[in-house]
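Below is one structure; the comments refer to it alone.
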Amino acid sequence: MSKRKVAYFYDTDVGAYTYGLGHPMKPHRIRVTHDLVTAYGMLDKMHVFRPKRASPEVMSSFHTDEYVHFLQSVTPETAEKMTFSGTRFLVGEDNPAFEGVFEFCSISAGGSIGAAQRIASGAADIAINWAGGLHHAKKREASGFCYINDIVLGIIELLRTYPRVLYIDIDCHHGDGVEEAFYTNDRVMTCSFHKFGEYFPGTGTQEDKGRGRGKGYAVNVPFKDGITDESFRSVFEPVVSRILEVFRPSAVVLQCGADSLAGDKLGCFNLTMHGHSHCVQFLRKQNIPLILLGGGGYTVKNVARTWTYETACALGIENEIDPHLPWNDYFEWFGPRYRLEVPENNMEDVNVKDGSLNIVREKALEQLQQLDCAPSVQMQDVPRESVGKHLGFGKDELKARDDLDKKLALISEREPLAARAVPLVIRLRLPRRQRAVRQPTTALHLGEGEEADEPADGAVL
Ligand SMILES: [Zn+2]
């Protein structure tokens, strides 16, 4: 199997945050995953980075200043009282103001932005951030366990270099936050495969296809309970293949939400580890720069197994690793079989039973049939305004636009390789003095035969 340069983003602190006792979202699962990845000896085969934490300025390239400021200052004690302009940002029990929530977000977002930079510079073919994938977060609101939308921030970073980005979401829940962010945009196609019908967040029908310039560029594939590997694949492959043909993305972001696995505490699908990972294998084969992100996933041992296996898929070593789990700190969690597997259960596949699988597939393919091939491929389609304004995130005044450019420039790739890859029109909008400001991501580990193109400061994970 051909080799790929893989970058892996992980912060040792991430597993220490907790949403509170009894909350289903457990950041600890990222640590368990990392432990398994380590035990399998995969760290030596990829570049391992501790991501630079995302600053409030960087987060504001998508989120409102007030919301970011709120997250920065909120504590469990002040959460109830704090409002901005009469708005409460954290509503309900899904998104508690837990201790360190802002730092947790800055790690998650920092990893996805770092992954995007690594891809855009050409230093990696595949970049992984299992702490990312928090797809429900909105511009000015937390939702569904997500506070800061690391995915949108990562895609904004990719758009500085690439004309078109494809976002694919295989979480059990609809990828509403990302869809909404790019709903009127034809440079980002979003495609979400999810459970629909009396299920959070309640959006994502096949009638929702995007608006204005973005019409047709939001694809929704709603499923019912119990979808199996075979059924999922029978829709995923033809739909994604058609998207690749007509949209011709220059980079792909895959949200690997693991609540679509069989036996998930909150999910209702019946995918095995292999069925889920098939999406990673399928996209790896396409030879398009790829970012793998985490997302949902509430049966921790299965999340860790699957993301470990998907890390192996990124490296192309999935057929070489031992299905018997190596000894690791959480070994006893994986009993009684202690294997790298998530088997299916005996749930009924409603999608096959009622014939909706075929209807949903045909409808999605029909939508794609109507699209023009590869939008924005001509130079004149590359935005003349700042990327932020083009996406509708910036304010209209010239000064605000300049500020936004500066913010985007702060997170842009400083490496000469990246500058070479930036299309001419976009490059002209980024004066050199602005591009030079960004701090480099700290390289913690360099794979064999790789040149040290980022400073390694000797820190060890
Ligand atoms: Zn989910």
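By order in the structure tokens, chains are A, B, ...; within a chain, residues start at 1; ligands start at 1, following the order shown.
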
Within 9 Å of ligand 1: each chain A residue with its shortest pair, only C-alpha atoms and all ligand atoms, as a Markdown table:
```
| residue | atom | partner | partner_atom_place_in_ligand_line | distance |
| --- | --- | --- | --- | --- |
| A:Leu134 | CA | ligand 1 | 1 (Zn) | 8.8 |
| A:His135 | CA | ligand 1 | 1 (Zn) | 8.4 |
| A:His136 | CA | ligand 1 | 1 (Zn) | 8.7 |
| A:Gly144 | CA | ligand 1 | 1 (Zn) | 8.0 |
| A:Ile170 | CA | ligand 1 | 1 (Zn) | 8.8 |
| A:Asp171 | CA | ligand 1 | 1 (Zn) | 5.0 |
| A:Cys172 | CA | ligand 1 | 1 (Zn) | 4.9 |
| A:His173 | CA | ligand 1 | 1 (Zn) | 4.3 |
| A:His174 | CA | ligand 1 | 1 (Zn) | 7.4 |
| A:Gly175 | CA | ligand 1 | 1 (Zn) | 8.3 |
| A:His194 | CA | ligand 1 | 1 (Zn) | 8.7 |
| A:Phe200 | CA | ligand 1 | 1 (Zn) | 8.4 |
| A:Gly257 | CA | ligand 1 | 1 (Zn) | 6.0 |
| A:Ala258 | CA | ligand 1 | 1 (Zn) | 7.4 |
| A:Asp259 | CA | ligand 1 | 1 (Zn) | 5.5 |
| A:Ser260 | CA | ligand 1 | 1 (Zn) | 7.5 |
| A:Leu266 | CA | ligand 1 | 1 (Zn) | 7.8 |
| A:Gly267 | CA | ligand 1 | 1 (Zn) | 7.2 |
| A:Gly295 | CA | ligand 1 | 1 (Zn) | 6.5 |
| A:Gly296 | CA | ligand 1 | 1 (Zn) | 4.0 |
| A:Gly297 | CA | ligand 1 | 1 (Zn) | 6.5 |
| A:Tyr298 | CA | ligand 1 | 1 (Zn) | 8.7 |
```

Just want the 12 Å neighbourhood of Asp329 of chain A, counted on only C-alpha atoms, with same-chain residues fewer than 6 positions away dropped. Output as a PyMOL selection string.
chain A and resi 31-39

If you count only C-alpha atoms, which residues fall within 7 Å of Gly226 of chain A, apart from same-chain ones fewer than 6 positions away, as an MDAnalysis selection string?
chainID A and resid 268:270 347:350

What would the file look like if the residues just selected were written as a JSON list (two decimals), in the first residue's frame with N, CA and C atoms?
```
[["chain", "number", "residue", "atom", "x", "y", "z"],
["A", 268, "CYS", "N", -27.89, 5.27, 17.04],
["A", 268, "CYS", "CA", -28.89, 4.23, 16.75],
["A", 268, "CYS", "C", -28.58, 3.55, 15.43],
["A", 269, "PHE", "N", -27.31, 3.59, 15.02],
["A", 269, "PHE", "CA", -26.88, 2.88, 13.81],
["A", 269, "PHE", "C", -26.22, 1.56, 14.21],
["A", 270, "ASN", "N", -25.86, 0.79, 13.19],
["A", 270, "ASN", "CA", -25.31, -0.54, 13.47],
["A", 270, "ASN", "C", -24.02, -0.77, 12.66],
["A", 347, "MET", "N", -29.80, -5.50, 15.70],
["A", 347, "MET", "CA", -30.79, -4.46, 15.39],
["A", 347, "MET", "C", -31.33, -4.63, 13.96],
["A", 348, "GLU", "N", -32.57, -4.28, 13.77],
["A", 348, "GLU", "CA", -33.15, -4.35, 12.43],
["A", 348, "GLU", "C", -32.74, -3.13, 11.61],
["A", 349, "ASP", "N", -32.43, -3.33, 10.34],
["A", 349, "ASP", "CA", -32.09, -2.19, 9.47],
["A", 349, "ASP", "C", -33.38, -1.67, 8.83],
["A", 350, "VAL", "N", -33.91, -0.61, 9.43],
["A", 350, "VAL", "CA", -35.19, -0.06, 8.96],
["A", 350, "VAL", "C", -35.06, 0.50, 7.54]]
```

Pairwise distance, atom CA of Gly210 of chain A with atom CA of Tyr183 of chain A, equals 4.8 Å

DSSP-assigned strand (DSSP E) members of segment 52-246 of chain A, reported as a ChimeraX atom specification:
/A:126-129,165-169,188-195,218-223

May I have the selected residues written with N, CA and C atoms, as a tab-separated table (two decimals), in the first residue's frame?
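Ended up saving to part-v8.tsv:
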```tsv
chain	number	residue	atom	x	y	z
A	126	ILE	N	-2.16	13.45	4.98
A	126	ILE	CA	-3.30	13.21	5.85
A	126	ILE	C	-2.97	13.80	7.23
A	127	ALA	N	-3.90	14.56	7.80
A	127	ALA	CA	-3.69	15.12	9.14
A	127	ALA	C	-4.85	14.71	10.03
A	128	ILE	N	-4.53	14.33	11.26
A	128	ILE	CA	-5.54	13.77	12.18
A	128	ILE	C	-5.65	14.61	13.44
A	129	ASN	N	-6.89	14.92	13.84
A	129	ASN	CA	-7.13	15.57	15.13
A	129	ASN	C	-8.37	14.96	15.77
A	165	VAL	N	-13.23	22.87	-1.03
A	165	VAL	CA	-13.06	21.92	0.08
A	165	VAL	C	-14.34	21.10	0.23
A	166	LEU	N	-14.17	19.80	0.35
A	166	LEU	CA	-15.32	18.92	0.59
A	166	LEU	C	-15.33	18.50	2.06
A	167	TYR	N	-16.47	18.67	2.69
A	167	TYR	CA	-16.66	18.24	4.08
A	167	TYR	C	-17.62	17.06	4.10
A	168	ILE	N	-17.18	15.95	4.68
A	168	ILE	CA	-18.03	14.76	4.81
A	168	ILE	C	-18.18	14.43	6.29
A	169	ASP	N	-19.40	14.10	6.68
A	169	ASP	CA	-19.72	13.91	8.09
A	169	ASP	C	-20.42	12.56	8.26
A	188	VAL	N	-17.30	25.38	-0.63
A	188	VAL	CA	-17.31	24.28	0.34
A	188	VAL	C	-18.56	23.46	0.10
A	189	MET	N	-18.38	22.18	-0.22
A	189	MET	CA	-19.54	21.31	-0.30
A	189	MET	C	-19.61	20.52	1.01
A	190	THR	N	-20.78	20.50	1.63
A	190	THR	CA	-20.95	19.70	2.84
A	190	THR	C	-21.82	18.50	2.51
A	191	CYS	N	-21.45	17.36	3.05
A	191	CYS	CA	-22.23	16.14	2.81
A	191	CYS	C	-22.32	15.38	4.13
A	192	SER	N	-23.53	15.30	4.66
A	192	SER	CA	-23.72	14.67	5.97
A	192	SER	C	-24.59	13.42	5.84
A	193	PHE	N	-24.08	12.31	6.40
A	193	PHE	CA	-24.84	11.06	6.49
A	193	PHE	C	-25.25	10.92	7.95
A	194	HIS	N	-26.54	10.88	8.22
A	194	HIS	CA	-26.97	10.93	9.63
A	194	HIS	C	-28.34	10.32	9.82
A	195	LYS	N	-28.64	10.07	11.09
A	195	LYS	CA	-29.99	9.63	11.46
A	195	LYS	C	-30.91	10.84	11.40
A	218	ALA	N	-24.97	21.69	-0.54
A	218	ALA	CA	-25.15	21.01	0.75
A	218	ALA	C	-25.90	19.73	0.44
A	219	VAL	N	-25.30	18.61	0.76
A	219	VAL	CA	-25.93	17.31	0.48
A	219	VAL	C	-26.28	16.65	1.81
A	220	ASN	N	-27.52	16.22	1.93
A	220	ASN	CA	-27.94	15.54	3.15
A	220	ASN	C	-28.44	14.14	2.83
A	221	VAL	N	-27.95	13.19	3.60
A	221	VAL	CA	-28.35	11.79	3.41
A	221	VAL	C	-28.93	11.28	4.74
A	222	PRO	N	-30.25	11.40	4.88
A	222	PRO	CA	-30.90	11.00	6.14
A	222	PRO	C	-31.21	9.51	6.17
A	223	PHE	N	-30.78	8.87	7.25
A	223	PHE	CA	-31.05	7.43	7.42
A	223	PHE	C	-31.99	7.21	8.59
```

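By only C-alpha atoms, and with residues fewer than 4 positions from segment 67-82 of chain A along its chain excluded, the set lying at most 6 Å from it is Ala97, Phe98, Phe102 and Arg140 of chain A.
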